[in-house]
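Heads up: the structure comes next, in structure tokens.
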2 protein chains.
Amino acid sequence: MRLTTKGRYAVTAMIDLAMNQSLGPVSLKSISVNQGISLSYLEQLFAKMKRKNLVVGARGPGGGYVLARDVDSISIADIILAVDEPLDITECEGEENCHDGKRCLTHDLWSELTDQLHVFLRGIRLGELMRRSGIDQARNSGPAVRLARSDGHRVGLPE
Amino acid sequence: MRLTTKGRYAVTAMIDLAMNQSLGPVSLKSISVNQGISLSYLEQLFAKMKRKNLVVGARGPGGGYVLARDVDSISIADIILAVDEPLDITECEGEENCHDGKRCLTHDLWSELTDQLHVFLRGIRLGELMRRSGIDQARNSGPAVRLARSDGHRVGLPE
DNA sequence: TGAAAAACCTAGTAAAATACTTGGTTTTTA
DNA sequence: TAAAAACCAAGTATTTTACTAGGTTTTTCA
């Protein structure tokens with residue numbers, strides 16, 4: 001499991017989304033402005049998260065993304081694994097350096113370690129991080145920052 | 001905190017070192033051969049770990065590295081932080097995008113998350129990983145693989 | 001009906017990090 | 001004194017990151 005700023009971007013964006021989806025879909029534009037992340041980069045990250053069924057997209061004006069599942073059923077591990085695909089299948093899969101059993105040994109140890117990390121990150125849910133921040137602060141910023149529909153009309157989601 | 005294959009290399013090398021230092025310093029050459037990591041790359045990783053007082057070097061023939069501390073006092077976090085310097089001081093340190101308090105909010109959440117990760121990885125010690133592998137298997141491979149001194153003479157360490 | 005807002009898509013690309021390579025020097029041992 | 005090792009500096013190919021550019025498709029609303 002990799003853990004880089006890419007995953008950090010994704011987690012940050014998802015926290016933003018979780019905190020603001022109550023009034024309807026959240027546009028990537030607004031997340032881009034609020035979090036200072038390039039719009040197109042966000043599009044790429046959300047395309048991956050959509051493929052992993054973490055978010056649902058809604059096209060057209062007033063559209064955006066909403067979480068596909070409950071905030072408490074989405075873990076940090078889900079998010080990071082969605083954007084940082086492993087591709088760690090390389091190394092030592094029937095390779096020549098494994099002859100003495102030594103290489104596979106430490107590789108097993110390492111994978112055990114990452115398994116523990118998975119369990120740990122799977123234990124932290126989006127809802128937890130959201131609640132830890134106290135009350136939703138974003139909506140108070142007004143439409144200029146949040147880019148929310150000023151009439152507060154709730155836009156229907158695709159079923 | 002970053003967590004990439006670089007840290008994985010370092011942890012793997014340190015497990016190798018921990019399992020083989022009982023007979024004296026372990027050369028990077030032997031770790032290079034056993035773990036399939038470039039010698040010069042190992043040199044760079046160990047230079048960083050030496051700077052963080054995780055290992056002690058011994059020059060000359062029969063030299064190599066030994067752990068500077070007990071296997072149970074060196075955590076996985078120590079190793080990863082030694083080779084993957086953070087340099088995460090960027091982003092949002094009195095920047096312009098913080099005006100509405102929103103950006104700093106998610107940044108705080110993220111740093112809380114990495115704090116938890118630190119605690120977790122600090123809780124896993126090198127000795128634990130070592131013992132989990134059962135009995136030391138490496139020394140049975142003989143000098144061709146391990147490159148150990150065949151006479152078994154224990155080389156003195158610098159004090 | 002048509003303009004606009006959004007997702008959605010593809011391709012490229014600059015900067016950074018990773019994972020080396022090369023070619024040394026210094027120290028220590030036998 | 002030769003060899004083995006740490007130690008050091010500089011360069012480099014590859015990969016990843018983070019982004020730009022330029023679209024299309026879908027949907028809403030005036």
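Labels for the structure tokens follow display order: chains A, B, ..., residues from 1 in each chain, ligands from 1.
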
Find the residues of chain B in contact range of chain D, meaning any atom within 9 Å when counting only C-alpha atoms (C1' of nucleotides), and list them as number ranges by chain. B: 27-29, 43, 47, 57-65

Starting from chain C, keep only residues with some atom at most 12 Å from an atom of chain A, counting only C-alpha atoms (C1' of nucleotides), and report them as a PyMOL selection string. chain C and resi 3-10+17

Just the selected residues (N, CA, C and O atoms (P, O5', C5', C4', C3', O3' and C1' of nucleotides)), exported as a CSV table (one decimal), in the first residue's frame, please.
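Writing the result to result_4.csv gives the following:
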chain,number,residue,atom,x,y,z
C,3,DA,P,-27.4,29.3,-28.1
C,3,DA,O5',-26.7,29.9,-26.8
C,3,DA,C5',-27.4,30.8,-26.0
C,3,DA,C4',-27.2,30.4,-24.5
C,3,DA,C3',-25.7,30.2,-24.2
C,3,DA,O3',-25.4,30.9,-23.0
C,3,DA,C1',-27.0,28.4,-23.4
C,4,DA,P,-23.9,31.2,-22.5
C,4,DA,O5',-23.8,30.4,-21.1
C,4,DA,C5',-24.9,30.5,-20.2
C,4,DA,C4',-24.9,29.3,-19.3
C,4,DA,C3',-23.5,28.9,-18.8
C,4,DA,O3',-23.6,28.7,-17.4
C,4,DA,C1',-24.7,27.0,-19.6
C,5,DA,P,-22.3,28.8,-16.5
C,5,DA,O5',-22.4,27.5,-15.6
C,5,DA,C5',-23.7,27.1,-15.0
C,5,DA,C4',-23.7,25.7,-14.7
C,5,DA,C3',-22.4,25.1,-14.1
C,5,DA,O3',-22.7,24.3,-13.0
C,5,DA,C1',-23.0,23.9,-16.0
C,6,DA,P,-21.7,24.2,-11.8
C,6,DA,O5',-21.0,22.8,-12.2
C,6,DA,C5',-21.4,21.6,-11.6
C,6,DA,C4',-21.5,20.6,-12.7
C,6,DA,C3',-20.3,19.7,-12.9
C,6,DA,O3',-20.1,18.8,-11.9
C,6,DA,C1',-21.5,20.1,-14.9
C,7,DA,P,-18.8,18.0,-11.7
C,7,DA,O5',-19.1,16.7,-12.5
C,7,DA,C5',-20.2,15.9,-12.2
C,7,DA,C4',-20.6,15.0,-13.4
C,7,DA,C3',-19.6,13.8,-13.6
C,7,DA,O3',-20.3,12.7,-13.9
C,7,DA,C1',-19.7,15.2,-15.5
C,8,DC,P,-19.6,11.3,-13.9
C,8,DC,O5',-18.8,11.3,-15.3
C,8,DC,C5',-19.5,11.0,-16.5
C,8,DC,C4',-18.5,11.2,-17.6
C,8,DC,C3',-17.3,10.4,-17.6
C,8,DC,O3',-17.4,9.4,-18.7
C,8,DC,C1',-16.9,12.6,-18.4
C,9,DC,P,-16.4,8.2,-18.8
C,9,DC,O5',-15.2,8.7,-19.7
C,9,DC,C5',-15.6,9.1,-21.1
C,9,DC,C4',-14.4,9.8,-21.7
C,9,DC,C3',-13.1,9.1,-21.5
C,9,DC,O3',-12.7,8.4,-22.6
C,9,DC,C1',-12.9,11.5,-21.6
C,10,DT,P,-11.4,7.4,-22.7
C,10,DT,O5',-10.4,8.4,-23.4
C,10,DT,C5',-10.7,9.1,-24.5
C,10,DT,C4',-9.6,10.0,-25.0
C,10,DT,C3',-8.2,9.3,-24.8
C,10,DT,O3',-7.5,9.3,-26.0
C,10,DT,C1',-8.2,11.5,-23.9
C,17,DA,P,10.1,15.8,-4.3
C,17,DA,O5',10.1,14.3,-4.7
C,17,DA,C5',8.9,13.6,-4.8
C,17,DA,C4',9.1,12.2,-5.2
C,17,DA,C3',10.1,11.4,-4.4
C,17,DA,O3',9.6,10.2,-4.0
C,17,DA,C1',10.6,11.2,-6.7

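You will find CA of Met19 (chain A) at 18.2 Å from CA of Gly7 (chain A).
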
Which residues are close to region 8-13 of chain A, i.e. within 7 Å by only C-alpha atoms (C1' of nucleotides), leaving aside same-chain residues fewer than 5 positions away? Reply as number ranges by chain. A: 31, 45, 76, 79; B: 106

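Across the model, the gap from CA of Met1 (chain A) to CA of His118 (chain A) is 8.0 Å.
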
Considering only C-alpha atoms (C1' of nucleotides), state which residue in the set B:Tyr41, B:Val26, B:Asp108, B:Gly127 is at the smallest distance from DT18 (chain C). B:Tyr41

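CA of Glu85 (chain A) is positioned 22.6 Å from CA of Ser32 (chain A).
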
Residue set, region 11-126 of chain B restricted to alpha helix (DSSP H), as a count of residues only: 61

Min atom-atom distance to chain B from the set A:Arg125, A:Arg2, A:Arg131, A:Arg69, counting only C-alpha atoms, belongs to A:Arg2

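Considering only C-alpha atoms, the residue among A:Pro25, A:Asp84, A:Gly36, A:Val56 positioned nearest to chain B is A:Gly36.
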